[in-house]
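The structure file entry32.pdb is reproduced below (PDB, C-alpha atoms and all ligand atoms).
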```pdb
ATOM      1  CA  MET A 200     -22.312 -13.437  10.799  1.00  0.00           C
ATOM      2  CA  GLN A 201     -19.059 -13.513   8.765  1.00  0.00           C
ATOM      3  CA  GLU A 202     -16.354 -11.478  10.504  1.00  0.00           C
ATOM      4  CA  LYS A 203     -14.821  -8.837   8.248  1.00  0.00           C
ATOM      5  CA  GLY A 204     -11.200  -8.987   7.105  1.00  0.00           C
ATOM      6  CA  LEU A 205      -8.568  -6.445   8.063  1.00  0.00           C
ATOM      7  CA  LEU A 206      -7.653  -3.653   5.667  1.00  0.00           C
ATOM      8  CA  ILE A 207      -3.860  -3.278   5.604  1.00  0.00           C
ATOM      9  CA  VAL A 208      -2.372  -0.175   3.979  1.00  0.00           C
ATOM     10  CA  LEU A 209       1.328   0.020   3.131  1.00  0.00           C
ATOM     11  CA  SER A 210       2.700   3.414   2.062  1.00  0.00           C
ATOM     12  CA  GLY A 211       6.093   5.012   1.819  1.00  0.00           C
ATOM     13  CA  PRO A 212       8.090   7.184  -0.535  1.00  0.00           C
ATOM     14  CA  SER A 213       8.716   6.109  -4.106  1.00  0.00           C
ATOM     15  CA  GLY A 214      11.677   3.749  -4.273  1.00  0.00           C
ATOM     16  CA  VAL A 215      11.681   2.764  -0.590  1.00  0.00           C
ATOM     17  CA  GLY A 216      10.882  -0.825  -1.577  1.00  0.00           C
ATOM     18  CA  LYS A 217       7.119  -1.197  -1.039  1.00  0.00           C
ATOM     19  CA  GLY A 218       6.667  -3.445  -4.072  1.00  0.00           C
ATOM     20  CA  THR A 219       9.721  -5.540  -3.217  1.00  0.00           C
ATOM     21  CA  VAL A 220       8.650  -6.007   0.410  1.00  0.00           C
ATOM     22  CA  ARG A 221       5.059  -6.730  -0.625  1.00  0.00           C
ATOM     23  CA  LYS A 222       6.258  -9.460  -3.004  1.00  0.00           C
ATOM     24  CA  ALA A 223       8.401 -10.937  -0.206  1.00  0.00           C
ATOM     25  CA  ILE A 224       5.347 -10.997   2.085  1.00  0.00           C
ATOM     26  CA  PHE A 225       3.174 -12.641  -0.559  1.00  0.00           C
ATOM     27  CA  SER A 226       5.849 -15.236  -1.345  1.00  0.00           C
ATOM     28  CA  GLN A 227       5.480 -16.643   2.199  1.00  0.00           C
ATOM     29  CA  PRO A 228       3.473 -19.892   1.957  1.00  0.00           C
ATOM     30  CA  ASP A 229       1.196 -19.024   4.891  1.00  0.00           C
ATOM     31  CA  THR A 230       0.311 -15.478   3.770  1.00  0.00           C
ATOM     32  CA  GLU A 231      -3.439 -15.069   3.739  1.00  0.00           C
ATOM     33  CA  PHE A 232      -3.820 -11.486   2.519  1.00  0.00           C
ATOM     34  CA  GLU A 233      -5.412 -10.581  -0.781  1.00  0.00           C
ATOM     35  CA  TYR A 234      -3.556  -7.938  -2.784  1.00  0.00           C
ATOM     36  CA  SER A 235      -5.739  -5.224  -4.281  1.00  0.00           C
ATOM     37  CA  ILE A 236      -4.464  -4.494  -7.793  1.00  0.00           C
ATOM     38  CA  SER A 237      -4.605  -0.752  -8.441  1.00  0.00           C
ATOM     39  CA  MET A 238      -5.710   1.165 -11.507  1.00  0.00           C
ATOM     40  CA  THR A 239      -3.264   3.609 -13.073  1.00  0.00           C
ATOM     41  CA  THR A 240      -2.826   5.825 -16.103  1.00  0.00           C
ATOM     42  CA  ARG A 241       0.958   5.317 -15.977  1.00  0.00           C
ATOM     43  CA  THR A 242       2.609   3.592 -18.940  1.00  0.00           C
ATOM     44  CA  PRO A 243       3.570  -0.024 -18.091  1.00  0.00           C
ATOM     45  CA  ARG A 244       7.239  -0.568 -17.250  1.00  0.00           C
ATOM     46  CA  GLU A 245       9.129  -3.342 -18.965  1.00  0.00           C
ATOM     47  CA  GLY A 246       7.826  -6.672 -17.654  1.00  0.00           C
ATOM     48  CA  GLU A 247       4.684  -5.241 -16.058  1.00  0.00           C
ATOM     49  CA  VAL A 248       1.503  -7.128 -16.902  1.00  0.00           C
ATOM     50  CA  ASN A 249      -2.005  -5.685 -17.120  1.00  0.00           C
ATOM     51  CA  GLY A 250      -4.190  -7.215 -14.405  1.00  0.00           C
ATOM     52  CA  VAL A 251      -1.171  -8.429 -12.424  1.00  0.00           C
ATOM     53  CA  ASP A 252       0.888  -5.344 -11.578  1.00  0.00           C
ATOM     54  CA  TYR A 253      -1.827  -2.797 -12.336  1.00  0.00           C
ATOM     55  CA  PHE A 254      -4.955  -2.364 -14.412  1.00  0.00           C
ATOM     56  CA  PHE A 255      -3.582   0.098 -16.963  1.00  0.00           C
ATOM     57  CA  LYS A 256      -6.172   2.693 -18.031  1.00  0.00           C
ATOM     58  CA  SER A 257      -6.350   5.767 -20.257  1.00  0.00           C
ATOM     59  CA  ARG A 258      -7.018   9.103 -18.541  1.00  0.00           C
ATOM     60  CA  GLU A 259     -10.555   9.079 -19.990  1.00  0.00           C
ATOM     61  CA  GLU A 260     -11.232   5.592 -18.599  1.00  0.00           C
ATOM     62  CA  PHE A 261      -9.845   6.566 -15.213  1.00  0.00           C
ATOM     63  CA  GLU A 262     -11.907   9.755 -15.052  1.00  0.00           C
ATOM     64  CA  GLY A 263     -14.964   7.636 -15.933  1.00  0.00           C
ATOM     65  CA  LEU A 264     -14.221   5.415 -12.912  1.00  0.00           C
ATOM     66  CA  ILE A 265     -13.990   8.506 -10.694  1.00  0.00           C
ATOM     67  CA  GLU A 266     -17.345   9.789 -11.994  1.00  0.00           C
ATOM     68  CA  GLN A 267     -18.995   6.397 -11.443  1.00  0.00           C
ATOM     69  CA  ASP A 268     -17.652   6.326  -7.869  1.00  0.00           C
ATOM     70  CA  ARG A 269     -15.856   3.036  -8.525  1.00  0.00           C
ATOM     71  CA  LEU A 270     -12.721   3.962  -6.562  1.00  0.00           C
ATOM     72  CA  LEU A 271     -12.196   3.698  -2.820  1.00  0.00           C
ATOM     73  CA  GLU A 272      -9.511   6.369  -3.151  1.00  0.00           C
ATOM     74  CA  TYR A 273      -7.457   7.923  -5.888  1.00  0.00           C
ATOM     75  CA  ALA A 274      -4.641  10.415  -6.250  1.00  0.00           C
ATOM     76  CA  GLU A 275      -2.509  12.038  -8.874  1.00  0.00           C
ATOM     77  CA  PHE A 276       1.155  11.199  -8.337  1.00  0.00           C
ATOM     78  CA  VAL A 277       3.895  12.756 -10.490  1.00  0.00           C
ATOM     79  CA  GLY A 278       1.557  13.253 -13.442  1.00  0.00           C
ATOM     80  CA  ASN A 279      -0.479  10.030 -13.346  1.00  0.00           C
ATOM     81  CA  TYR A 280      -3.637   8.832 -11.670  1.00  0.00           C
ATOM     82  CA  TYR A 281      -3.580   5.860  -9.284  1.00  0.00           C
ATOM     83  CA  GLY A 282      -6.643   4.395  -7.568  1.00  0.00           C
ATOM     84  CA  THR A 283      -8.085   1.442  -5.674  1.00  0.00           C
ATOM     85  CA  PRO A 284     -11.153  -0.415  -7.013  1.00  0.00           C
ATOM     86  CA  VAL A 285     -13.801  -0.135  -4.306  1.00  0.00           C
ATOM     87  CA  ASP A 286     -15.908  -3.215  -5.162  1.00  0.00           C
ATOM     88  CA  TYR A 287     -12.969  -5.611  -4.904  1.00  0.00           C
ATOM     89  CA  VAL A 288     -11.926  -4.222  -1.521  1.00  0.00           C
ATOM     90  CA  ARG A 289     -15.399  -4.246   0.016  1.00  0.00           C
ATOM     91  CA  GLU A 290     -16.335  -7.701  -1.318  1.00  0.00           C
ATOM     92  CA  THR A 291     -13.046  -9.244  -0.152  1.00  0.00           C
ATOM     93  CA  LEU A 292     -13.274  -7.719   3.328  1.00  0.00           C
ATOM     94  CA  ASP A 293     -16.906  -8.844   3.592  1.00  0.00           C
ATOM     95  CA  SER A 294     -15.828 -12.406   2.753  1.00  0.00           C
ATOM     96  CA  GLY A 295     -13.594 -12.303   5.857  1.00  0.00           C
ATOM     97  CA  LYS A 296     -10.235 -12.006   4.075  1.00  0.00           C
ATOM     98  CA  ASP A 297      -7.594  -9.363   4.767  1.00  0.00           C
ATOM     99  CA  VAL A 298      -6.909  -6.915   1.933  1.00  0.00           C
ATOM    100  CA  PHE A 299      -3.471  -5.418   1.340  1.00  0.00           C
ATOM    101  CA  LEU A 300      -3.173  -2.009  -0.362  1.00  0.00           C
ATOM    102  CA  GLU A 301       0.143  -0.569  -1.510  1.00  0.00           C
ATOM    103  CA  ILE A 302      -0.601   3.118  -2.115  1.00  0.00           C
ATOM    104  CA  GLU A 303       0.861   6.592  -1.716  1.00  0.00           C
ATOM    105  CA  VAL A 304       0.008   8.917   1.188  1.00  0.00           C
ATOM    106  CA  LYS A 305      -2.772  11.104  -0.286  1.00  0.00           C
ATOM    107  CA  GLY A 306      -4.734   7.962  -1.093  1.00  0.00           C
ATOM    108  CA  ALA A 307      -3.964   6.474   2.329  1.00  0.00           C
ATOM    109  CA  ARG A 308      -5.423   9.575   3.977  1.00  0.00           C
ATOM    110  CA  GLN A 309      -8.695   9.046   2.069  1.00  0.00           C
ATOM    111  CA  VAL A 310      -8.752   5.381   3.112  1.00  0.00           C
ATOM    112  CA  ARG A 311      -8.193   6.377   6.752  1.00  0.00           C
ATOM    113  CA  GLU A 312     -11.349   8.537   6.579  1.00  0.00           C
ATOM    114  CA  LYS A 313     -13.435   5.663   5.165  1.00  0.00           C
ATOM    115  CA  PHE A 314     -11.813   2.838   7.141  1.00  0.00           C
ATOM    116  CA  PRO A 315     -10.515   4.314  10.416  1.00  0.00           C
ATOM    117  CA  GLU A 316     -10.248   0.744  11.735  1.00  0.00           C
ATOM    118  CA  GLY A 317      -7.685  -0.169   9.033  1.00  0.00           C
ATOM    119  CA  LEU A 318      -4.043  -0.948   9.816  1.00  0.00           C
ATOM    120  CA  PHE A 319      -1.736   1.726   8.373  1.00  0.00           C
ATOM    121  CA  ILE A 320       1.983   0.993   7.955  1.00  0.00           C
ATOM    122  CA  PHE A 321       4.619   3.398   6.637  1.00  0.00           C
ATOM    123  CA  LEU A 322       7.791   1.982   5.121  1.00  0.00           C
ATOM    124  CA  MET A 323      10.879   4.119   5.766  1.00  0.00           C
ATOM    125  CA  PRO A 324      14.200   4.136   3.947  1.00  0.00           C
ATOM    126  CA  PRO A 325      17.353   3.937   6.094  1.00  0.00           C
ATOM    127  CA  SER A 326      18.243   7.419   4.715  1.00  0.00           C
ATOM    128  CA  LEU A 327      17.309   9.814   1.903  1.00  0.00           C
ATOM    129  CA  HIS A 328      20.641   9.035   0.298  1.00  0.00           C
ATOM    130  CA  GLU A 329      19.759   5.336   0.194  1.00  0.00           C
ATOM    131  CA  LEU A 330      16.277   6.176  -1.143  1.00  0.00           C
ATOM    132  CA  LYS A 331      17.825   8.040  -4.064  1.00  0.00           C
ATOM    133  CA  ASN A 332      20.264   5.219  -4.612  1.00  0.00           C
ATOM    134  CA  ARG A 333      17.401   2.671  -4.794  1.00  0.00           C
ATOM    135  CA  ILE A 334      15.261   4.646  -7.198  1.00  0.00           C
ATOM    136  CA  VAL A 335      18.243   5.412  -9.452  1.00  0.00           C
ATOM    137  CA  THR A 336      19.440   1.804  -9.370  1.00  0.00           C
ATOM    138  CA  ARG A 337      15.973   0.527 -10.283  1.00  0.00           C
ATOM    139  CA  GLY A 338      16.535   2.264 -13.632  1.00  0.00           C
ATOM    140  CA  THR A 339      12.849   2.673 -14.552  1.00  0.00           C
ATOM    141  CA  GLU A 340      12.521   6.463 -14.427  1.00  0.00           C
ATOM    142  CA  THR A 341      14.027   9.363 -16.382  1.00  0.00           C
ATOM    143  CA  ASP A 342      16.197  11.860 -14.471  1.00  0.00           C
ATOM    144  CA  ASP A 343      13.296  14.367 -14.362  1.00  0.00           C
ATOM    145  CA  LEU A 344      10.904  11.801 -12.933  1.00  0.00           C
ATOM    146  CA  ILE A 345      13.490  10.718 -10.357  1.00  0.00           C
ATOM    147  CA  THR A 346      13.833  14.346  -9.244  1.00  0.00           C
ATOM    148  CA  ASN A 347      10.045  14.725  -8.961  1.00  0.00           C
ATOM    149  CA  ARG A 348       9.627  11.453  -7.099  1.00  0.00           C
ATOM    150  CA  LEU A 349      12.371  12.450  -4.638  1.00  0.00           C
ATOM    151  CA  LEU A 350      10.697  15.836  -4.086  1.00  0.00           C
ATOM    152  CA  SER A 351       7.409  14.033  -3.334  1.00  0.00           C
ATOM    153  CA  ALA A 352       9.300  11.694  -0.999  1.00  0.00           C
ATOM    154  CA  ARG A 353      10.072  14.523   1.427  1.00  0.00           C
ATOM    155  CA  GLU A 354       6.384  15.548   1.572  1.00  0.00           C
ATOM    156  CA  GLU A 355       5.333  11.915   1.981  1.00  0.00           C
ATOM    157  CA  ILE A 356       7.731  11.281   4.863  1.00  0.00           C
ATOM    158  CA  GLU A 357       6.299  14.364   6.603  1.00  0.00           C
ATOM    159  CA  MET A 358       2.927  12.564   6.667  1.00  0.00           C
ATOM    160  CA  MET A 359       4.187   9.494   8.533  1.00  0.00           C
ATOM    161  CA  ASP A 360       2.246  10.526  11.681  1.00  0.00           C
ATOM    162  CA  LEU A 361      -0.924   9.385   9.915  1.00  0.00           C
ATOM    163  CA  TYR A 362       0.262   5.792  10.267  1.00  0.00           C
ATOM    164  CA  ASP A 363      -0.062   3.259  13.090  1.00  0.00           C
ATOM    165  CA  TYR A 364       3.413   1.798  12.497  1.00  0.00           C
ATOM    166  CA  ILE A 365       6.651   2.885  10.904  1.00  0.00           C
ATOM    167  CA  VAL A 366       8.806   0.057   9.574  1.00  0.00           C
ATOM    168  CA  GLU A 367      12.340   0.550   8.308  1.00  0.00           C
ATOM    169  CA  ASN A 368      13.206  -1.237   5.088  1.00  0.00           C
ATOM    170  CA  ASP A 369      16.870  -1.822   5.793  1.00  0.00           C
ATOM    171  CA  GLN A 370      16.691  -5.429   4.548  1.00  0.00           C
ATOM    172  CA  VAL A 371      13.768  -6.844   2.590  1.00  0.00           C
ATOM    173  CA  GLU A 372      13.480 -10.027   4.667  1.00  0.00           C
ATOM    174  CA  LEU A 373      13.513  -8.128   7.966  1.00  0.00           C
ATOM    175  CA  ALA A 374      11.011  -5.523   6.778  1.00  0.00           C
ATOM    176  CA  SER A 375       8.601  -8.168   5.517  1.00  0.00           C
ATOM    177  CA  GLU A 376       8.911 -10.171   8.752  1.00  0.00           C
ATOM    178  CA  ARG A 377       8.185  -7.020  10.771  1.00  0.00           C
ATOM    179  CA  ILE A 378       5.043  -6.331   8.746  1.00  0.00           C
ATOM    180  CA  ILE A 379       3.800  -9.921   9.061  1.00  0.00           C
ATOM    181  CA  ALA A 380       4.390  -9.735  12.834  1.00  0.00           C
ATOM    182  CA  ILE A 381       2.484  -6.441  13.078  1.00  0.00           C
ATOM    183  CA  VAL A 382      -0.508  -7.904  11.240  1.00  0.00           C
ATOM    184  CA  LYS A 383      -0.510 -11.036  13.430  1.00  0.00           C
ATOM    185  CA  ALA A 384      -0.317  -8.903  16.589  1.00  0.00           C
ATOM    186  CA  GLU A 385      -3.149  -6.699  15.322  1.00  0.00           C
ATOM    187  CA  HIS A 386      -5.351  -9.755  14.738  1.00  0.00           C
ATOM    188  CA  CYS A 387      -4.635 -11.001  18.278  1.00  0.00           C
ATOM    189  CA  ARG A 388      -5.379  -7.582  19.764  1.00  0.00           C
ATOM    190  CA  ARG A 389      -8.697  -7.271  17.925  1.00  0.00           C
ATOM    191  CA  GLU A 390      -9.778 -10.797  18.802  1.00  0.00           C
ATOM    192  CA  ARG A 391      -8.903 -10.199  22.451  1.00  0.00           C
ATOM    193  CA  VAL A 392     -10.823  -6.932  22.597  1.00  0.00           C
ATOM    194  CA  GLU A 393     -13.866  -8.472  20.937  1.00  0.00           C
ATOM    195  CA  HIS A 394     -13.749 -11.473  23.271  1.00  0.00           C
ATOM    196  CA  ARG A 395     -13.552  -9.199  26.312  1.00  0.00           C
ATOM    197  CA  TYR A 396     -16.570  -7.173  25.226  1.00  0.00           C
ATOM    198  CA  LYS A 397     -18.604 -10.290  24.479  1.00  0.00           C
ATOM    199  CA  LYS A 398     -17.801 -11.607  27.960  1.00  0.00           C
ATOM    200  CA  LEU A 399     -18.812  -8.275  29.447  1.00  0.00           C
ATOM    201  CA  LEU A 400     -22.174  -8.448  27.683  1.00  0.00           C
ATOM    202  CA  GLU A 401     -22.709 -12.015  28.923  1.00  0.00           C
ATOM    203  CA  VAL A 402     -22.234 -10.835  32.531  1.00  0.00           C
ATOM    204  CA  GLU A 403     -24.659  -7.874  32.208  1.00  0.00           C
TER     205      GLU A 403
HETATM  206  N1  LIG A 501      15.919  -3.368   1.595  1.00  0.00           N
HETATM  207  C1  LIG A 501      16.411  -3.065   0.389  1.00  0.00           C
HETATM  208  N2  LIG A 501      17.742  -2.940   0.220  1.00  0.00           N
HETATM  209  C2  LIG A 501      18.263  -2.631  -0.986  1.00  0.00           C
HETATM  210  N3  LIG A 501      17.531  -2.418  -2.100  1.00  0.00           N
HETATM  211  C3  LIG A 501      16.178  -2.524  -1.990  1.00  0.00           C
HETATM  212  C4  LIG A 501      15.555  -2.850  -0.751  1.00  0.00           C
HETATM  213  N4  LIG A 501      14.208  -2.870  -0.938  1.00  0.00           N
HETATM  214  C5  LIG A 501      14.007  -2.583  -2.248  1.00  0.00           C
HETATM  215  N5  LIG A 501      15.188  -2.379  -2.876  1.00  0.00           N
HETATM  216  C6  LIG A 501      15.388  -1.998  -4.283  1.00  0.00           C
HETATM  217  O1  LIG A 501      14.962  -0.645  -4.386  1.00  0.00           O
HETATM  218  C7  LIG A 501      14.344  -0.416  -5.666  1.00  0.00           C
HETATM  219  C8  LIG A 501      12.957   0.159  -5.453  1.00  0.00           C
HETATM  220  O2  LIG A 501      12.118  -0.843  -4.909  1.00  0.00           O
HETATM  221  P1  LIG A 501      10.569  -0.915  -5.244  1.00  0.00           P
HETATM  222  O3  LIG A 501      10.345  -0.787  -6.709  1.00  0.00           O
HETATM  223  O4  LIG A 501      10.056  -2.112  -4.558  1.00  0.00           O
HETATM  224  O5  LIG A 501      10.086   0.421  -4.508  1.00  0.00           O
HETATM  225  P2  LIG A 501       8.632   1.055  -4.374  1.00  0.00           P
HETATM  226  O6  LIG A 501       8.571   1.697  -3.048  1.00  0.00           O
HETATM  227  O7  LIG A 501       7.601   0.028  -4.703  1.00  0.00           O
HETATM  228  O8  LIG A 501       8.673   2.149  -5.502  1.00  0.00           O
HETATM  229  P3  LIG A 501       7.488   2.955  -6.241  1.00  0.00           P
HETATM  230  O9  LIG A 501       6.673   3.592  -5.181  1.00  0.00           O
HETATM  231  O10 LIG A 501       8.222   3.927  -7.089  1.00  0.00           O
HETATM  232  O11 LIG A 501       6.706   1.956  -7.043  1.00  0.00           O
HETATM  233  C9  LIG A 501      14.342  -1.753  -6.397  1.00  0.00           C
HETATM  234  O12 LIG A 501      15.434  -1.777  -7.303  1.00  0.00           O
HETATM  235  C10 LIG A 501      14.540  -2.779  -5.276  1.00  0.00           C
HETATM  236  O13 LIG A 501      15.198  -3.940  -5.725  1.00  0.00           O
HETATM  237  N1  LIG A 502      -3.206   6.521  -4.085  1.00  0.00           N
HETATM  238  C1  LIG A 502      -2.764   5.431  -4.706  1.00  0.00           C
HETATM  239  N2  LIG A 502      -1.446   5.242  -4.902  1.00  0.00           N
HETATM  240  C2  LIG A 502      -1.042   4.126  -5.511  1.00  0.00           C
HETATM  241  C3  LIG A 502      -1.951   3.156  -5.957  1.00  0.00           C
HETATM  242  N3  LIG A 502      -1.240   2.152  -6.557  1.00  0.00           N
HETATM  243  C4  LIG A 502       0.046   2.485  -6.452  1.00  0.00           C
HETATM  244  N4  LIG A 502       0.181   3.667  -5.831  1.00  0.00           N
HETATM  245  C5  LIG A 502       1.407   4.400  -5.499  1.00  0.00           C
HETATM  246  O1  LIG A 502       1.786   5.251  -6.542  1.00  0.00           O
HETATM  247  C6  LIG A 502       3.190   5.517  -6.437  1.00  0.00           C
HETATM  248  C7  LIG A 502       3.854   5.355  -7.777  1.00  0.00           C
HETATM  249  O2  LIG A 502       3.757   4.006  -8.204  1.00  0.00           O
HETATM  250  P1  LIG A 502       4.636   3.456  -9.437  1.00  0.00           P
HETATM  251  O3  LIG A 502       4.174   2.051  -9.656  1.00  0.00           O
HETATM  252  O4  LIG A 502       4.404   4.360 -10.599  1.00  0.00           O
HETATM  253  O5  LIG A 502       6.070   3.527  -8.975  1.00  0.00           O
HETATM  254  C8  LIG A 502       3.728   4.537  -5.400  1.00  0.00           C
HETATM  255  O6  LIG A 502       3.877   5.230  -4.171  1.00  0.00           O
HETATM  256  C9  LIG A 502       2.612   3.532  -5.303  1.00  0.00           C
HETATM  257  O7  LIG A 502       2.575   2.890  -4.032  1.00  0.00           O
HETATM  258  C10 LIG A 502      -3.331   3.377  -5.724  1.00  0.00           C
HETATM  259  O8  LIG A 502      -4.218   2.573  -6.059  1.00  0.00           O
HETATM  260  N5  LIG A 502      -3.683   4.517  -5.099  1.00  0.00           N
END
```
Rewrite the coordinates I just gave you, this time as structure tokens.
Ligand SMILES: Nc1ncnc2c1ncn2[C@@H]1O[C@H](COP(=O)(O)OP(=O)(O)OP(=O)(O)O)[C@@H](O)[C@H]1O
Ligand SMILES: Nc1nc2c(ncn2[C@@H]2O[C@H](COP(=O)(O)O)[C@@H](O)[C@H]2O)c(=O)[nH]1
Amino acid sequence: MQEKGLLIVLSGPSGVGKGTVRKAIFSQPDTEFEYSISMTTRTPREGEVNGVDYFFKSREEFEGLIEQDRLLEYAEFVGNYYGTPVDYVRETLDSGKDVFLEIEVKGARQVREKFPEGLFIFLMPPSLHELKNRIVTRGTETDDLITNRLLSAREEIEMMDLYDYIVENDQVELASERIIAIVKAEHCRRERVEHRYKKLLEVE
């Protein structure tokens, strides 16, 4: 039987650098994860492409997806819906590939309930001052939205205990290397455990 892939969830406060670190991970030639593109009702930022960065949906379309149970998880974040397409995730995991989700904490909590065996990683800023600096410097949000995202950041950081690992994003290269190392170690651990149990059954 085909062994299932690992579900990897990366969360962290808005502006910590999740997208930047994720892109650094995926730019590595030997990366074998599949990125799950989320659905959102947010307006595209300059340069964002439908079907690459997100699947951009109207509120009506998104609520239709909720009603049809097409989302693994979803959450409202600072006035917009965000959600993960369930079919893509399940089919990809069933094909034996690892799936990488980059989502906020309310969604991650729902995923934890459905996939307790997933690998949950929380990306931390070096400080709240630096977090603000990053989100301001990115220049994509109005002052009001920056304030709201920073308010959410405090609540999100309080939920870090939900995660298996906390990784500091001091430097993009280091943070992405840490995450790749965690995933590799997790694969080794799971393979070892499975091997041990198979051996145990052979002896019985
Ligand atoms: N280690 C780092 N050092 C300095 N700047 C960084 C670092 N990581 C990311 N940044 C910068 O911080 C800003 C926010 O990064 P990014 O958009 O990746 O964050 P995010 O967590 O995905 O945000 P959101 O949740 O709002 O989508 C960007 O301008 C990015 O270039
Ligand atoms: N619960 C979910 N959260 C998601 C998903 N896709 C992205 N996100 C998170 O939303 C915030 C805001 O994103 P932005 O692109 O508007 O800055 C951020 O924390 C994302 O990680 C999702 O499918 N589900």
Could you pull out every residue with an atom within 8 Å of (5.9, -8.0, 4.8), file coordinates, counting all atoms listed in the file, and send them as a ChimeraX atom specification?
-> /A:220-225,372,374-379
Skip stretch 381-393 of chain A itself and residues of its chain fewer than 3 positions away, then list as a ChimeraX atom specification all residues within 9 Å of it, counting all atoms listed in the file.
-> /A:205,207,318,364,376-378,396-398
For this file, the PyMOL selection byres (((not hetatm)) within 7 of (chain A and resi 501)) selects which residues, as a ChimeraX atom specification?
-> /A:211-220,333-334,336-337,368-371
Pick out the residues no farther than 8 Å from ligand LIG 502 (chain A), counting all atoms listed in the file, and list them as a CSV table (one decimal) with C-alpha atoms, keeping the file's coordinate frame.
```csv
chain,number,residue,atom,x,y,z
A,209,LEU,CA,1.3,0.0,3.1
A,210,SER,CA,2.7,3.4,2.1
A,211,GLY,CA,6.1,5.0,1.8
A,212,PRO,CA,8.1,7.2,-0.5
A,213,SER,CA,8.7,6.1,-4.1
A,214,GLY,CA,11.7,3.7,-4.3
A,217,LYS,CA,7.1,-1.2,-1.0
A,218,GLY,CA,6.7,-3.4,-4.1
A,236,ILE,CA,-4.5,-4.5,-7.8
A,237,SER,CA,-4.6,-0.8,-8.4
A,238,MET,CA,-5.7,1.2,-11.5
A,239,THR,CA,-3.3,3.6,-13.1
A,241,ARG,CA,1.0,5.3,-16.0
A,253,TYR,CA,-1.8,-2.8,-12.3
A,272,GLU,CA,-9.5,6.4,-3.2
A,273,TYR,CA,-7.5,7.9,-5.9
A,274,ALA,CA,-4.6,10.4,-6.2
A,275,GLU,CA,-2.5,12.0,-8.9
A,276,PHE,CA,1.2,11.2,-8.3
A,277,VAL,CA,3.9,12.8,-10.5
A,279,ASN,CA,-0.5,10.0,-13.3
A,280,TYR,CA,-3.6,8.8,-11.7
A,281,TYR,CA,-3.6,5.9,-9.3
A,282,GLY,CA,-6.6,4.4,-7.6
A,283,THR,CA,-8.1,1.4,-5.7
A,284,PRO,CA,-11.2,-0.4,-7.0
A,300,LEU,CA,-3.2,-2.0,-0.4
A,301,GLU,CA,0.1,-0.6,-1.5
A,302,ILE,CA,-0.6,3.1,-2.1
A,303,GLU,CA,0.9,6.6,-1.7
A,304,VAL,CA,0.0,8.9,1.2
A,305,LYS,CA,-2.8,11.1,-0.3
A,306,GLY,CA,-4.7,8.0,-1.1
A,307,ALA,CA,-4.0,6.5,2.3
```
Given the file shown, enumerate the residues that the PyMOL selection byres (((chain A and resi 258) around 9) and not hetatm) captures and present them as a list of chain:residue names.
->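 That selection, the PyMOL selection byres (((chain A and resi 258) around 9) and not hetatm), comes back as A:Thr239, A:Thr240, A:Lys256, A:Ser257, A:Glu259, A:Glu260, A:Phe261, A:Glu262, A:Gly263, A:Asn279, A:Tyr280.
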Selection export as a short mmCIF file (atom, residue, chain, number, x, y, z; two decimals), keeping the file's coordinate frame, atoms kept: C-alpha atoms:
```
data_model
loop_
_atom_site.label_atom_id
_atom_site.label_comp_id
_atom_site.auth_asym_id
_atom_site.auth_seq_id
_atom_site.Cartn_x
_atom_site.Cartn_y
_atom_site.Cartn_z
CA THR A 239 -3.26 3.61 -13.07
CA THR A 240 -2.83 5.82 -16.10
CA LYS A 256 -6.17 2.69 -18.03
CA SER A 257 -6.35 5.77 -20.26
CA GLU A 259 -10.56 9.08 -19.99
CA GLU A 260 -11.23 5.59 -18.60
CA PHE A 261 -9.85 6.57 -15.21
CA GLU A 262 -11.91 9.76 -15.05
CA GLY A 263 -14.96 7.64 -15.93
CA ASN A 279 -0.48 10.03 -13.35
CA TYR A 280 -3.64 8.83 -11.67
#
```
To one decimal place, how far is atom CA of A:Arg289 from atom CA of A:Gly250 in Å?
->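 For atom CA of A:Arg289 relative to atom CA of A:Gly250, the distance reads 18.5 Å.
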Please, what distance in Å, to one decimal, runs between atom CA of A:Leu271 and atom CA of A:Thr346?
->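 Interatomic distance here is 28.8 Å.
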Between A:Gln227, A:Ser235, A:Ser351, A:Thr341, single out the one closest to A:Val288, counting all atoms listed in the file.
->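 Checking each candidate against A:Val288, we get A:Ser235 as the closest.
Atom CA of A:Pro325 to atom CA of A:Ile365 spans 11.8 Å [interatomic distance, one decimal].
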What would stretch 238-249 of chain A look like if you wrote it out as a short mmCIF file (atom, residue, chain, number, x, y, z; two decimals), in the first residue's frame, with C-alpha atoms included, from the block I just posted?
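Saved result, result_32.cif, follows:
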```
data_model
loop_
_atom_site.label_atom_id
_atom_site.label_comp_id
_atom_site.auth_asym_id
_atom_site.auth_seq_id
_atom_site.Cartn_x
_atom_site.Cartn_y
_atom_site.Cartn_z
CA MET A 238 -8.56 30.19 -1.22
CA THR A 239 -9.19 33.75 -0.05
CA THR A 240 -11.66 36.58 -0.38
CA ARG A 241 -8.85 39.14 0.04
CA THR A 242 -8.15 41.48 -2.88
CA PRO A 243 -4.96 40.46 -4.75
CA ARG A 244 -1.87 42.51 -3.90
CA GLU A 245 0.21 43.95 -6.70
CA GLY A 246 1.98 41.08 -8.48
CA GLU A 247 -0.15 38.32 -6.96
CA VAL A 248 -1.47 35.81 -9.47
CA ASN A 249 -4.71 33.83 -9.23
#
```
